[in-house]
Each structure stands twice: as structure tokens, then as C-alpha cells.
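Note: the block below is final.txt and it holds compact mmCIF, C-alpha atoms.
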```
# COMPACT_ATOMS: atom_id res chain seq x y z
CA MET V 1 -42.29 -41.35 69.84
CA ASP V 2 -39.69 -39.20 68.07
CA GLN V 3 -36.94 -41.80 67.95
CA LYS V 4 -35.39 -42.27 64.51
CA ILE V 5 -33.97 -45.52 63.14
CA LEU V 6 -31.59 -45.79 60.19
CA ILE V 7 -32.21 -48.96 58.15
CA VAL V 8 -29.24 -50.09 56.06
CA ASP V 9 -29.80 -52.94 53.59
CA ASP V 10 -29.40 -53.35 49.84
CA GLU V 11 -32.40 -55.68 49.42
CA GLU V 12 -35.53 -53.68 48.59
CA SER V 13 -37.89 -56.35 49.95
CA ILE V 14 -36.14 -56.43 53.35
CA VAL V 15 -36.02 -52.64 53.55
CA THR V 16 -39.75 -52.45 52.82
CA LEU V 17 -40.51 -55.10 55.44
CA LEU V 18 -38.33 -53.49 58.11
CA LYS V 19 -39.49 -49.98 57.34
CA TYR V 20 -43.17 -50.94 57.62
CA ASN V 21 -42.82 -52.85 60.89
CA ILE V 22 -40.50 -50.34 62.56
CA GLU V 23 -42.78 -47.44 61.64
CA GLN V 24 -45.82 -49.41 62.84
CA ALA V 25 -44.03 -49.64 66.20
CA GLY V 26 -43.98 -45.84 66.36
CA PHE V 27 -40.48 -44.98 65.14
CA GLU V 28 -39.38 -42.68 62.36
CA THR V 29 -37.12 -44.29 59.75
CA GLU V 30 -34.56 -43.34 57.17
CA VAL V 31 -33.02 -45.73 54.64
CA ALA V 32 -29.57 -46.29 53.14
CA TYR V 33 -28.89 -48.95 50.51
CA THR V 34 -25.08 -48.88 50.52
CA GLY V 35 -22.38 -48.73 53.15
CA THR V 36 -21.08 -45.42 51.82
CA ASP V 37 -24.53 -43.84 52.01
CA ALA V 38 -25.03 -45.23 55.53
CA LEU V 39 -21.71 -43.85 56.73
CA GLU V 40 -22.50 -40.42 55.33
CA LYS V 41 -26.00 -40.28 56.83
CA ALA V 42 -24.96 -41.64 60.24
CA SER V 43 -22.07 -39.21 60.51
CA VAL V 44 -24.17 -36.07 59.90
CA THR V 45 -27.61 -37.04 61.29
CA SER V 46 -28.44 -38.04 64.84
CA PHE V 47 -30.14 -41.45 64.91
CA ASP V 48 -31.29 -43.34 67.98
CA LEU V 49 -30.31 -46.71 66.48
CA ILE V 50 -28.92 -48.19 63.26
CA VAL V 51 -30.13 -51.50 61.80
CA LEU V 52 -27.11 -52.49 59.69
CA ASP V 53 -26.86 -55.39 57.25
CA VAL V 54 -23.42 -57.00 57.02
CA MET V 55 -23.57 -57.91 53.31
CA LEU V 56 -23.61 -54.58 51.48
CA PRO V 57 -22.19 -53.65 48.07
CA GLY V 58 -18.86 -51.85 48.19
CA MET V 59 -18.28 -51.00 51.84
CA ASP V 60 -19.78 -53.82 53.92
CA GLY V 61 -21.54 -53.48 57.27
CA MET V 62 -18.48 -54.50 59.27
CA GLU V 63 -16.45 -51.67 57.74
CA VAL V 64 -19.30 -49.19 58.28
CA CYS V 65 -19.48 -50.18 61.95
CA LYS V 66 -15.71 -49.91 62.35
CA LYS V 67 -15.54 -46.48 60.71
CA LEU V 68 -18.45 -45.10 62.75
CA ARG V 69 -16.78 -46.13 66.00
CA GLN V 70 -13.49 -44.65 64.83
CA MET V 71 -15.37 -41.41 64.21
CA GLN V 72 -16.72 -41.70 67.78
CA VAL V 73 -20.31 -42.07 66.58
CA ASP V 74 -21.73 -44.07 69.49
CA THR V 75 -25.24 -44.71 68.08
CA PRO V 76 -26.34 -48.26 69.02
CA ILE V 77 -25.97 -50.70 66.12
CA LEU V 78 -28.07 -53.83 65.52
CA MET V 79 -26.31 -55.90 62.88
CA LEU V 80 -28.09 -58.23 60.47
CA THR V 81 -26.17 -61.15 59.01
CA ALA V 82 -27.15 -63.90 56.60
CA LYS V 83 -24.37 -66.08 57.98
CA ASP V 84 -25.06 -68.17 61.06
CA ASP V 85 -21.38 -68.00 61.90
CA GLU V 86 -19.96 -67.26 65.35
CA PHE V 87 -16.94 -65.56 63.79
CA ASP V 88 -19.14 -62.97 62.06
CA LYS V 89 -21.10 -62.32 65.24
CA VAL V 90 -18.02 -61.93 67.42
CA LEU V 91 -16.24 -59.79 64.82
CA GLY V 92 -19.25 -57.47 64.65
CA LEU V 93 -19.28 -57.10 68.42
CA GLU V 94 -15.53 -56.53 68.50
CA LEU V 95 -15.95 -53.70 65.99
CA GLY V 96 -18.50 -52.00 68.22
CA ALA V 97 -21.94 -53.42 67.36
CA ASP V 98 -24.38 -53.70 70.25
CA ASP V 99 -26.39 -56.70 69.08
CA TYR V 100 -26.98 -58.95 66.07
CA LEU V 101 -29.69 -60.99 64.37
CA THR V 102 -29.20 -63.78 61.85
CA LYS V 103 -31.33 -63.89 58.70
CA PRO V 104 -34.01 -65.06 58.19
CA PHE V 105 -35.57 -63.20 61.10
CA SER V 106 -39.03 -62.18 62.22
CA PRO V 107 -39.82 -58.46 61.84
CA ARG V 108 -41.33 -58.62 65.32
CA GLU V 109 -38.00 -59.85 66.68
CA VAL V 110 -36.19 -56.93 65.04
CA VAL V 111 -38.63 -54.48 66.65
CA ALA V 112 -38.30 -56.26 70.00
CA ARG V 113 -34.50 -56.02 69.85
CA ILE V 114 -34.66 -52.34 68.92
CA LYS V 115 -36.98 -51.61 71.85
CA ALA V 116 -34.79 -53.63 74.24
CA ILE V 117 -31.64 -51.71 73.26
CA LEU V 118 -33.34 -48.32 73.53
CA ARG V 119 -35.03 -49.27 76.80
CA ARG V 120 -31.70 -50.22 78.34
CA MET V 121 -30.21 -46.89 77.34
CA LEU V 122 -33.05 -45.00 79.02
CA ARG V 123 -33.31 -47.23 82.07
CA GLU V 124 -29.74 -47.63 83.26
CA PRO V 125 -29.03 -44.03 84.33
CA ALA V 126 -32.46 -43.71 85.98
CA GLU V 127 -31.81 -46.68 88.25
CA VAL V 128 -28.54 -45.29 89.61
CA ASP V 129 -28.75 -42.81 92.47
CA GLU V 130 -25.07 -41.93 92.48
CA THR V 131 -24.11 -38.98 90.33
CA HIS V 132 -20.49 -40.04 90.43
CA ILE V 133 -18.86 -43.42 91.03
CA LYS V 134 -15.14 -43.33 91.80
CA ILE V 135 -12.91 -46.41 91.91
CA ALA V 136 -9.27 -45.34 92.28
CA GLY V 137 -8.44 -43.40 89.09
CA LEU V 138 -11.67 -44.45 87.36
CA SER V 139 -14.61 -42.04 87.57
CA ILE V 140 -18.04 -42.97 86.17
CA TYR V 141 -20.91 -40.53 85.60
CA PRO V 142 -24.06 -42.64 85.03
CA GLU V 143 -26.41 -39.81 84.15
CA GLN V 144 -24.07 -38.46 81.49
CA TYR V 145 -22.99 -41.88 80.17
CA GLU V 146 -19.41 -40.70 80.62
CA ALA V 147 -16.30 -41.96 82.36
CA THR V 148 -12.70 -40.87 82.85
CA ILE V 149 -9.50 -42.65 83.80
CA ASN V 150 -7.02 -40.46 85.68
CA GLU V 151 -9.15 -37.50 84.54
CA GLU V 152 -8.74 -38.42 80.87
CA PRO V 153 -12.11 -38.85 79.08
CA LEU V 154 -12.96 -42.30 77.74
CA THR V 155 -15.05 -43.28 74.74
CA PHE V 156 -17.44 -46.23 74.97
CA THR V 157 -20.19 -47.81 72.94
CA PRO V 158 -23.50 -47.86 74.90
CA LYS V 159 -23.11 -51.56 75.63
CA GLU V 160 -19.54 -51.15 76.91
CA PHE V 161 -20.67 -48.38 79.24
CA GLU V 162 -23.59 -50.44 80.57
CA LEU V 163 -21.24 -53.34 81.31
CA LEU V 164 -18.74 -51.04 83.05
CA LEU V 165 -21.52 -49.48 85.13
CA TYR V 166 -22.94 -52.85 86.14
CA LEU V 167 -19.52 -54.12 87.20
CA ALA V 168 -18.89 -50.91 89.15
CA ASN V 169 -22.24 -51.10 90.92
CA ASN V 170 -21.31 -54.65 91.99
CA LEU V 171 -17.80 -53.78 93.18
CA GLY V 172 -16.16 -56.76 94.87
CA ARG V 173 -18.80 -59.27 93.71
CA VAL V 174 -17.97 -62.19 91.44
CA LEU V 175 -20.37 -62.11 88.48
CA SER V 176 -20.75 -65.08 86.15
CA ARG V 177 -20.85 -64.56 82.40
CA ASP V 178 -24.47 -65.73 82.38
CA GLN V 179 -25.35 -63.14 85.04
CA LEU V 180 -23.73 -60.42 82.96
CA LEU V 181 -25.55 -61.57 79.82
CA ARG V 182 -28.91 -61.37 81.58
CA ALA V 183 -28.20 -58.09 83.37
CA VAL V 184 -26.57 -56.12 80.57
CA TRP V 185 -28.04 -57.65 77.41
CA ASN V 186 -31.44 -58.25 79.02
CA TYR V 187 -32.11 -61.58 77.31
CA ASP V 188 -30.54 -64.98 76.84
CA PHE V 189 -27.86 -65.40 74.18
CA ALA V 190 -28.14 -69.17 74.57
CA GLY V 191 -24.88 -69.42 76.45
CA ASP V 192 -22.88 -67.33 73.97
CA THR V 193 -20.60 -66.02 76.72
CA ARG V 194 -17.94 -65.01 74.19
CA ILE V 195 -19.94 -61.78 73.89
CA VAL V 196 -19.13 -60.93 77.51
CA ASP V 197 -15.45 -61.75 77.04
CA VAL V 198 -15.21 -59.47 73.98
CA HIS V 199 -16.73 -56.52 75.83
CA VAL V 200 -14.60 -57.07 78.94
CA SER V 201 -11.55 -57.08 76.66
CA HIS V 202 -12.66 -53.73 75.21
CA LEU V 203 -13.09 -52.26 78.69
CA ARG V 204 -9.66 -53.44 79.77
CA GLU V 205 -8.05 -51.80 76.74
CA LYS V 206 -9.55 -48.50 77.87
CA ILE V 207 -9.17 -48.53 81.66
CA GLU V 208 -6.35 -50.91 82.58
CA PRO V 209 -2.72 -49.72 82.85
CA GLU V 210 -1.69 -53.15 81.52
CA THR V 211 -4.31 -55.28 79.79
CA LYS V 212 -2.43 -58.51 80.58
CA LYS V 213 -2.27 -57.61 84.27
CA PRO V 214 -5.70 -56.08 84.98
CA VAL V 215 -6.17 -54.30 88.30
CA TYR V 216 -9.79 -53.18 87.84
CA ILE V 217 -11.59 -56.07 86.14
CA LYS V 218 -10.27 -59.40 87.39
CA THR V 219 -10.96 -62.77 85.79
CA ILE V 220 -12.09 -65.31 88.38
CA ARG V 221 -11.18 -68.60 86.77
CA GLY V 222 -14.14 -70.92 86.29
CA LEU V 223 -16.61 -68.32 87.63
CA GLY V 224 -16.58 -65.03 85.76
CA TYR V 225 -15.42 -61.48 86.44
CA LYS V 226 -15.08 -59.13 89.40
CA MET V 227 -14.38 -55.41 89.56
CA GLU V 228 -12.01 -54.42 92.35
CA GLU V 229 -10.48 -51.29 93.79
CA PRO V 230 -6.81 -51.43 92.68
CA LYS V 231 -4.41 -51.92 95.56
```

What would the structure in this file look like if it were written as C-alpha cells?
Amino acid sequence: MDQKILIVDDEESIVTLLKYNIEQAGFETEVAYTGTDALEKASVTSFDLIVLDVMLPGMDGMEVCKKLRQMQVDTPILMLTAKDDEFDKVLGLELGADDYLTKPFSPREVVARIKAILRRMLREPAEVDETHIKIAGLSIYPEQYEATINEEPLTFTPKEFELLLYLANNLGRVLSRDQLLRAVWNYDFAGDTRIVDVHVSHLREKIEPETKKPVYIKTIRGLGYKMEEPK
């Protein structure tokens, strides 16, 4: 396995633990101990995934995540936080993280999450036969992980794209938040459906003419979401 993981944490003991277990799982690793170092490495080197601690000296993990997404670095990010706080989790997701774990965590769980994220990225395009999905002005290219709106290219995090693709492949169907959690995130977030709402909000900002009057992704009150062909 040639996949490379960037581990970002300022605690030597945690870095050693993560590095050992991730390499035992067959991945290559590189380490950064500060946010500045992480940003520099992630912007010039191609990684398959970044394990990013929130509490870093100087530039914290939230700021690193935000800056990477602003630079259009779409590498999946698994955030680590010592705070069992919904605000931190939601903020991380809003800034473009793909997943999070709260410390203390099991090294096996970190490896399992890494594998789940990478597996989703490999699996989703392979399951779709269509080379091109078109819904009004929205065009989706599953194999390229690309999409355009009125022929203008769009930028997504991997998780945003997977959610968009799943909604598009279920055009006209009402999907509950729990269904979307299971289908797109591939495991149970214990009812933390705010994660779905955050990602839907991101999609609307990118594809809807007016975010307050969505024509593609409709909210079905009390049920969930539905993607429709705009009338």
C-alpha cells in the first residue's frame, strides 16, 4: 500500500503511538508538530489523508483546515480534539474536515476511520455506471470527482462530493438524515444529524442560485432532504 498519511500533533507520545499503528496498518507516514509545518507540508506534498490535532501551538488545527480548503487542497482530514464539545466538532466540519475523533481514542479506531474514509473515496466512483449525471444546470462526473454548475467548475471536499453524488443518484427520493449518515459516512454518528445539515448547507452555497430558496436540494420538514430537478 503506497498511501501516505500526514500526522499532525504536538505531543510526542501521541505521534509515536499514531505513527506506529498507522504504519503497522500498511501506510506510509510523515509527521508535523506545528500548524505552520503542517500547512507547508500539506500544500507541497500529496497526501492521501491528514490526521490533524485541533490543539496545536501557534496556528491551531481549525486554522490549518480552513487555510488548506481555501488553497483548494482537498485531501481528506480526520480531526482529533481533546474537547468533547459539539461546537468544536461542527466547526471543524464547517471548515472542511471530513471526520473527527475525540481524545482519548483507541489507535485501532483511528486506523479504522482512516481506512473507512479512504475506502469510500475509492468505492464511490466504481459503483456508479454513469460517466455524467446532469440535473438542469448541474453536471456531475463521478469518475473524476468533479462537478460544474452552468458549466462553471465547482470545488468540493471529498465528503461534500460524496453527499452530492448520493443525493443525485437518488433524485426525487426523500432521504432521512440517518439514511444519509449511514450511506455517506458509512457508520453511525449516534444521531448527530447536525453533520448532515452542515454539509447540505455547504452544497447549497455552491450549487443553489439562492441558498434561502433552494431549487436543487429541498428540505422536507420532519423527514430529511430530497434532490429535485429545478422547475

Calculate how many Å separate CA of Ile5 (chain V) from CA of Phe161 (chain V), rounding to one decimal.
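These atoms are spaced 21.1 Å apart.
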
Given the choices V:Gly172, V:Gly222, V:Pro158, V:Gly61, which gets closest to Leu118 (chain V) if the distance is worked out from all atoms listed in the file?
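Closest to Leu118 (chain V), using all atoms listed in the file: V:Pro158.
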
State, in Å with one decimal place, the distance from CA of Leu203 (chain V) to CA of Ala112 (chain V).
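Between CA of Leu203 (chain V) and CA of Ala112 (chain V) the gap works out to 27.0 Å.
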
Computed interatomic separation between CA of Gly92 (chain V) and CA of Arg173 (chain V) (Å)
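Separation between CA of Gly92 (chain V) and CA of Arg173 (chain V): 29.1 Å.
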
Closest to Glu63 (chain V) among V:Pro209, V:His132, V:Leu181, V:Gly96, using only C-alpha atoms?
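Among V:Pro209, V:His132, V:Leu181, V:Gly96, it is V:Gly96 that comes nearest to Glu63 (chain V).
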
Need to verify the contact set: region 70-78 of chain V, 7 Å, all atoms listed in the file, exclusion of same-chain residues closer than 6 positions in sequence. Can you return it as a compact mmCIF listing (two decimals) with C-alpha atoms, in the coordinates of the input?
```
# COMPACT_ATOMS: atom_id res chain seq x y z
CA SER V 43 -22.07 -39.21 60.51
CA PHE V 47 -30.14 -41.45 64.91
CA ASP V 48 -31.29 -43.34 67.98
CA LEU V 49 -30.31 -46.71 66.48
CA ILE V 50 -28.92 -48.19 63.26
CA VAL V 51 -30.13 -51.50 61.80
CA LEU V 52 -27.11 -52.49 59.69
CA ALA V 97 -21.94 -53.42 67.36
CA ASP V 98 -24.38 -53.70 70.25
CA ASP V 99 -26.39 -56.70 69.08
CA TYR V 100 -26.98 -58.95 66.07
CA THR V 157 -20.19 -47.81 72.94
CA PRO V 158 -23.50 -47.86 74.90
```

From V:Arg113, V:Lys67, V:Lys19, V:His202, residue lying nearest Ala42 (chain V) [all atoms listed in the file]
V:Lys67

Find the residues around Thr81 (chain V) up to 6 Å (only C-alpha atoms counted), leave out those fewer than 4 positions away in its own chain, and share them as a PyMOL selection string.
chain V and resi 54+102-103

Could you write those residues out with C-alpha atoms, as a PDB file, keeping the file's coordinate frame?
```pdb
ATOM      1  CA  VAL V  54     -23.420 -57.000  57.020  1.00  0.00           C
ATOM      2  CA  THR V 102     -29.200 -63.780  61.850  1.00  0.00           C
ATOM      3  CA  LYS V 103     -31.330 -63.890  58.700  1.00  0.00           C
TER       4      LYS V 103
END
```
